[in-house]
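To start, the structure itself, in structure tokens.
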Amino acid sequence: MGLADLRALPYPWDTLGDVTALARSHPDGMVDLSVGTPVDPTPDVVRDALAAASDAHAYPLTAGTPALREAVAAWFARRRGVPGLDPAGVLPTIGSKELVGLLPSLLRLGAGDVVVHPAVAYPTYDVGARLAGATALPADDVDEWAGRADVRLVWVNSPSNPTGAVADVDHLRRVVDAARRIGAVVVSDECYALLPWVDGLRIPSLLDPEVTGGDLTGLLVAYSLSKQSNLAGYRAAFVAGDPALVADLLATRKHLGMIVPRPVQEAMRVALGDDEHVARQRAVYGRRRDVLLGALTASGWAVDHSEAGLYLWARPAEPAPAATGRDLVARLAALGILAGPGEFYGVAGAGHVRIALTASDDAIAMAAARLRAAAAQRRTGTVA
Ligand SMILES: Cc1ncc(COP(=O)(O)O)c(C=O)c1O
């Protein structure tokens, strides 16, 4: 069976034309907080590494250079509490979105197979299941799929896009135990793991020995440098975990030429070894988050979760009956602020909007000022 036809599936962000036009019509212009695309410069240390590797006459290794694979293993030990990862269990990917979208197909899933993903989730988990002809099952509770032999792949996303919720060791262990009983693969997408907002919060990796019991069989982590290192334009990411699963993916990806360019591999290697730029960028996002969170809560919004990551998952503080995410997006667009409707992340997302922290300090300050001004006008009755 071939891949399914996705052409009729609307691309969510292409459906925002009306609210984008409304936001653009604001006299002081639009603040776009709808897409999580980084706006700050790629760190010099990483750009220098890319430039130094720009003589790339030979084909790169699909598996990644040994130095990159070792750098990923060292990064897991240093930053994610995962010691002793076998470099053979590391594979660079061309950004992580392609891996998310293609994984069910690369694992040869198809009709009759079920792919579990979080109830409110990055849409590509669903897209990947559809592409393979498998069935997506949005579910947060392990009991919704435990014991089902047709479940072949379980996605975890911690910290979550869009909510910023973080899964603890107990939850991850329950997912792993249930998946092992039915022989399903578990993949955790952890690309916001180094952007925590709660003091002392532990954001365990799926590959943490407390979760795995030291056995990585059937377990993978997807990780991306797009956000933490402002490398979205480099397409720099990797998948890591069970060496047998990685070897399986590598065998297919070699046939397809799914190779990360050698200069990008070098840039990744250097980025993974430099914690300083990651800390600096986190501090920048932390300030932007404080500004936006303060303005939202002062102007009638509540933000759920937001324990980590780059998005505020917001809803009206006073329950607003029948307000869909799209209604709420239109409300913000009237202030010249563009956000993403919660429906983009599944039916369970209706009633929320996703507000990205990925805008310049000036843009974030402008959005906050508009929110506060609108709240003040409502209070003084100058606006309905
Ligand atoms: C949860 C999650 N996974 C994967 C990606 C894809 O990131 P990239 O393809 O830039 O690595 C994103 C991007 O927003 C994301 O939020």
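If you're wondering about the labels, chains in the structure tokens are A, B, ... by order shown, residues count from 1 in each chain, ligands from 1 in order shown.
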Can you check which parts of chain A lie within 7 Å of ligand 1? Per residue, the shortest pair of atoms and distance in Å to one decimal, counting only C-alpha atoms and all ligand atoms, sorted by chain and number, as a tab-separated table.
```
residue	atom	partner	partner_atom_place_in_ligand_line	distance
A:Gly36	CA	ligand 1	14 (O)	6.0
A:Gly95	CA	ligand 1	11 (O)	3.7
A:Ser96	CA	ligand 1	11 (O)	3.6
A:Lys97	CA	ligand 1	9 (O)	3.7
A:Glu98	CA	ligand 1	9 (O)	6.6
A:Val100	CA	ligand 1	4 (C)	6.8
A:Tyr122	CA	ligand 1	1 (C)	5.5
A:Asn157	CA	ligand 1	1 (C)	6.1
A:Ser160	CA	ligand 1	1 (C)	6.4
A:Asn161	CA	ligand 1	1 (C)	5.0
A:Asp189	CA	ligand 1	3 (N)	5.9
A:Cys191	CA	ligand 1	2 (C)	6.3
A:Ser224	CA	ligand 1	11 (O)	4.4
A:Leu225	CA	ligand 1	11 (O)	6.5
A:Ser226	CA	ligand 1	10 (O)	4.8
A:Ala232	CA	ligand 1	10 (O)	5.0
A:Arg235	CA	ligand 1	10 (O)	6.2
A:Ala236	CA	ligand 1	11 (O)	6.4
A:Ala237	CA	ligand 1	11 (O)	5.6
```
Include N, CA, C and O atoms and write out the residues we just selected as a PDB file, in the first residue's frame.
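Everything below was put into again-v5.pdb:
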```
ATOM      1  N   GLY A  36       5.342  29.500  15.859  1.00  0.00           N
ATOM      2  CA  GLY A  36       6.482  29.532  16.773  1.00  0.00           C
ATOM      3  C   GLY A  36       7.816  29.591  16.051  1.00  0.00           C
ATOM      4  O   GLY A  36       8.665  28.748  16.275  1.00  0.00           O
ATOM      5  N   GLY A  95      15.522  18.534  10.591  1.00  0.00           N
ATOM      6  CA  GLY A  95      14.492  19.085  11.457  1.00  0.00           C
ATOM      7  C   GLY A  95      13.724  17.896  12.024  1.00  0.00           C
ATOM      8  O   GLY A  95      13.912  16.749  11.577  1.00  0.00           O
ATOM      9  N   SER A  96      12.881  18.135  13.027  1.00  0.00           N
ATOM     10  CA  SER A  96      12.169  16.963  13.561  1.00  0.00           C
ATOM     11  C   SER A  96      10.795  16.781  12.931  1.00  0.00           C
ATOM     12  O   SER A  96      10.199  15.717  13.048  1.00  0.00           O
ATOM     13  N   LYS A  97      10.297  17.792  12.207  1.00  0.00           N
ATOM     14  CA  LYS A  97       8.948  17.650  11.666  1.00  0.00           C
ATOM     15  C   LYS A  97       8.865  16.496  10.658  1.00  0.00           C
ATOM     16  O   LYS A  97       7.893  15.741  10.647  1.00  0.00           O
ATOM     17  N   GLU A  98       9.900  16.357   9.831  1.00  0.00           N
ATOM     18  CA  GLU A  98       9.848  15.249   8.860  1.00  0.00           C
ATOM     19  C   GLU A  98       9.840  13.891   9.570  1.00  0.00           C
ATOM     20  O   GLU A  98       9.159  12.959   9.144  1.00  0.00           O
ATOM     21  N   VAL A 100       8.642  13.300  12.582  1.00  0.00           N
ATOM     22  CA  VAL A 100       7.319  13.121  13.192  1.00  0.00           C
ATOM     23  C   VAL A 100       6.318  12.686  12.125  1.00  0.00           C
ATOM     24  O   VAL A 100       5.535  11.748  12.309  1.00  0.00           O
ATOM     25  N   TYR A 122       0.534  18.866  18.814  1.00  0.00           N
ATOM     26  CA  TYR A 122       1.163  19.280  17.557  1.00  0.00           C
ATOM     27  C   TYR A 122       0.522  18.436  16.433  1.00  0.00           C
ATOM     28  O   TYR A 122       0.494  17.194  16.520  1.00  0.00           O
ATOM     29  N   ASN A 157       4.655  14.010  24.189  1.00  0.00           N
ATOM     30  CA  ASN A 157       5.262  15.316  23.888  1.00  0.00           C
ATOM     31  C   ASN A 157       5.379  16.093  25.198  1.00  0.00           C
ATOM     32  O   ASN A 157       4.403  16.649  25.675  1.00  0.00           O
ATOM     33  N   SER A 160       4.818  20.016  26.462  1.00  0.00           N
ATOM     34  CA  SER A 160       3.847  19.964  25.375  1.00  0.00           C
ATOM     35  C   SER A 160       3.813  21.244  24.545  1.00  0.00           C
ATOM     36  O   SER A 160       3.851  22.343  25.070  1.00  0.00           O
ATOM     37  N   ASN A 161       3.722  21.067  23.255  1.00  0.00           N
ATOM     38  CA  ASN A 161       3.213  22.087  22.357  1.00  0.00           C
ATOM     39  C   ASN A 161       1.770  21.641  22.090  1.00  0.00           C
ATOM     40  O   ASN A 161       1.588  20.542  21.577  1.00  0.00           O
ATOM     41  N   ASP A 189       8.702  13.397  22.076  1.00  0.00           N
ATOM     42  CA  ASP A 189       9.155  14.599  21.379  1.00  0.00           C
ATOM     43  C   ASP A 189       9.446  15.627  22.470  1.00  0.00           C
ATOM     44  O   ASP A 189       8.536  16.094  23.147  1.00  0.00           O
ATOM     45  N   CYS A 191      11.412  18.637  22.404  1.00  0.00           N
ATOM     46  CA  CYS A 191      12.212  19.758  21.897  1.00  0.00           C
ATOM     47  C   CYS A 191      12.150  21.022  22.747  1.00  0.00           C
ATOM     48  O   CYS A 191      12.915  21.951  22.514  1.00  0.00           O
ATOM     49  N   SER A 224      14.959  18.615  18.774  1.00  0.00           N
ATOM     50  CA  SER A 224      15.221  19.609  17.732  1.00  0.00           C
ATOM     51  C   SER A 224      16.013  20.772  18.304  1.00  0.00           C
ATOM     52  O   SER A 224      15.789  21.173  19.444  1.00  0.00           O
ATOM     53  N   LEU A 225      16.914  21.310  17.505  1.00  0.00           N
ATOM     54  CA  LEU A 225      17.650  22.500  17.936  1.00  0.00           C
ATOM     55  C   LEU A 225      17.008  23.779  17.408  1.00  0.00           C
ATOM     56  O   LEU A 225      17.524  24.867  17.619  1.00  0.00           O
ATOM     57  N   SER A 226      15.873  23.642  16.716  1.00  0.00           N
ATOM     58  CA  SER A 226      15.225  24.810  16.109  1.00  0.00           C
ATOM     59  C   SER A 226      14.984  25.914  17.114  1.00  0.00           C
ATOM     60  O   SER A 226      15.282  27.079  16.860  1.00  0.00           O
ATOM     61  N   ALA A 232      16.057  26.985  13.425  1.00  0.00           N
ATOM     62  CA  ALA A 232      14.941  26.439  12.632  1.00  0.00           C
ATOM     63  C   ALA A 232      15.288  26.410  11.143  1.00  0.00           C
ATOM     64  O   ALA A 232      14.909  25.487  10.418  1.00  0.00           O
ATOM     65  N   ARG A 235      17.416  23.278   9.852  1.00  0.00           N
ATOM     66  CA  ARG A 235      16.787  21.959   9.914  1.00  0.00           C
ATOM     67  C   ARG A 235      17.712  20.973  10.652  1.00  0.00           C
ATOM     68  O   ARG A 235      18.271  20.045  10.048  1.00  0.00           O
ATOM     69  N   ALA A 236      17.869  21.211  11.926  1.00  0.00           N
ATOM     70  CA  ALA A 236      18.847  20.493  12.741  1.00  0.00           C
ATOM     71  C   ALA A 236      18.144  19.781  13.887  1.00  0.00           C
ATOM     72  O   ALA A 236      17.663  20.433  14.816  1.00  0.00           O
ATOM     73  N   ALA A 237      18.087  18.472  13.821  1.00  0.00           N
ATOM     74  CA  ALA A 237      17.386  17.703  14.848  1.00  0.00           C
ATOM     75  C   ALA A 237      17.948  16.281  14.865  1.00  0.00           C
ATOM     76  O   ALA A 237      18.800  15.931  14.040  1.00  0.00           O
TER      77      ALA A 237
END
```
*Within stretch 262-317 of chain A, find each residue whose DSSP state, derived from the backbone, is strand (DSSP E or B), and express the selection as an MDAnalysis selection string.*
chainID A and resid 301:304 308 311:316
*Please provide as a VMD selection string all residues within 10 Å of A:Gly112, with the sequence filter that same-chain residues fewer than 6 positions apart are discarded (counting only C-alpha atoms).*
chain A and resid 133 to 135 150 to 152
_What parts of stretch 298-375 of chain A does DSSP call helix (DSSP H, G or I)? I'd like the answer as a ChimeraX atom specification._
/A:298,325-333,342-345,347-349,361-375
Taking a cut-off of 9 Å and counting only C-alpha atoms, can you build a table that, for each residue of stretch 88-181 of chain A near stretch 60-65 of chain A, reports the nearest atom pair and how far apart they are in Å (one decimal), sorted by chain then residue number, as JSON lines?
```
{"residue": "A:Ala88", "atom": "CA", "partner": "A:Ala63", "partner_atom": "CA", "distance": 8.4}
{"residue": "A:Val90", "atom": "CA", "partner": "A:Ala63", "partner_atom": "CA", "distance": 7.5}
{"residue": "A:Leu91", "atom": "CA", "partner": "A:Ala63", "partner_atom": "CA", "distance": 5.3}
{"residue": "A:Pro92", "atom": "CA", "partner": "A:Gly64", "partner_atom": "CA", "distance": 5.9}
{"residue": "A:Thr93", "atom": "CA", "partner": "A:Thr62", "partner_atom": "CA", "distance": 8.7}
```
Hey, what's within 6 Å of stretch 252-267 of chain A if we count only C-alpha atoms and toss same-chain stuff fewer than 2 positions away? As a PDB file with C-alpha atoms, in the first residue's frame, please?
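Final output, saved to out06.pdb:
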```pdb
ATOM      1  CA  VAL A  46      27.046  27.914  15.672  1.00  0.00           C
ATOM      2  CA  ALA A  49      30.900  26.098  12.941  1.00  0.00           C
ATOM      3  CA  LEU A  50      28.646  26.050   9.868  1.00  0.00           C
ATOM      4  CA  ALA A  53      32.456  23.205   7.521  1.00  0.00           C
ATOM      5  CA  SER A  54      31.311  24.841   4.289  1.00  0.00           C
ATOM      6  CA  PRO A  60      27.508  13.328   4.193  1.00  0.00           C
ATOM      7  CA  THR A  62      23.046   9.611   6.801  1.00  0.00           C
ATOM      8  CA  ILE A  94      16.258  17.123   8.747  1.00  0.00           C
ATOM      9  CA  LEU A 249      15.196   3.827  10.494  1.00  0.00           C
ATOM     10  CA  LEU A 250      18.716   4.391   9.158  1.00  0.00           C
ATOM     11  CA  ARG A 269      27.710  19.213  17.090  1.00  0.00           C
ATOM     12  CA  VAL A 270      28.978  22.589  18.248  1.00  0.00           C
TER      13      VAL A 270
END
```
_Shell of 10 Å around stretch 330-343 of chain A, only C-alpha atoms, local chain residues under 6 positions omitted, as JSON, numbers by chain_ = {"A": [12, 13, 16, 18, 19, 20, 21, 22, 23, 24, 25, 26, 27, 28, 29, 30, 31, 32, 33, 34, 35, 36, 120, 121, 123, 162, 163, 312, 313, 314, 315, 324, 349, 350, 351, 352, 353, 354, 355, 356, 363, 364, 366, 367, 368, 370, 371, 373, 374]}
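You will find atom CA of A:Glu210 at 9.6 Å from atom CA of A:Gly81.
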Non-local contacts of A:Ala119 (6 Å; only C-alpha atoms; under 3 positions in same chain excluded) as a compact mmCIF listing (two decimals) with all heavy atoms, in the first residue's frame:
```
# COMPACT_ATOMS: atom_id res chain seq x y z
N PRO A 138 -6.25 10.21 19.65
CA PRO A 138 -5.86 11.23 20.63
C PRO A 138 -6.24 10.76 22.03
O PRO A 138 -7.41 10.50 22.29
CB PRO A 138 -6.67 12.47 20.23
CG PRO A 138 -7.42 12.11 18.97
CD PRO A 138 -7.45 10.62 18.89
N ALA A 139 -5.27 10.63 22.93
CA ALA A 139 -5.57 10.11 24.28
C ALA A 139 -4.45 10.51 25.23
O ALA A 139 -3.27 10.35 24.92
CB ALA A 139 -5.68 8.59 24.24
N ASP A 140 -4.84 11.05 26.40
CA ASP A 140 -3.84 11.38 27.42
C ASP A 140 -3.73 10.29 28.47
O ASP A 140 -2.70 10.13 29.10
CB ASP A 140 -4.23 12.70 28.12
CG ASP A 140 -4.03 13.89 27.20
OD1 ASP A 140 -3.17 13.82 26.31
OD2 ASP A 140 -4.76 14.89 27.36
```
*Counting only C-alpha atoms, which of A:Pro321, A:Gly17, A:Leu103, A:Pro38 gets nearest to A:Tyr234?*
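Nearest to A:Tyr234: A:Pro38.
Of the residues listed (A:Glu318, A:Arg280, A:Ala295, A:Ala348), A:Ala295 shows the shortest atom-to-atom separation from A:Ala369; distances use only C-alpha atoms.
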_With distances taken over only C-alpha atoms, which residue among A:Val142, A:Ala251, A:Ala376, A:Val186 lies nearest A:Asp170?_
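For A:Asp170, the nearest of the candidates is A:Val142.
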*Would you mind listing what lies within 12 Å of A:Arg181 as a PyMOL selection string, with only C-alpha atoms counted and same-chain residues fewer than 5 positions away left out?*
chain A and resi 145-149+151-152+174-176+186+218
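Of the residues under consideration (A:Ala359, A:Ala308, A:Val303, A:Leu194), A:Leu194 shows the shortest atom-to-atom contact distance to A:Trp75 when counting only C-alpha atoms.
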*Work out how far apart atom CA of A:Tyr11 and atom CA of A:Leu357 are and give it in Å to one decimal.*
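Atom CA of A:Tyr11 sits 21.7 Å away from atom CA of A:Leu357.
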*Mind giving me the straight-line distance from atom CA of A:Leu216 to atom CA of A:Ala178 in Å, one decimal?*
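Distance reported for this atom pair: 14.5 Å.
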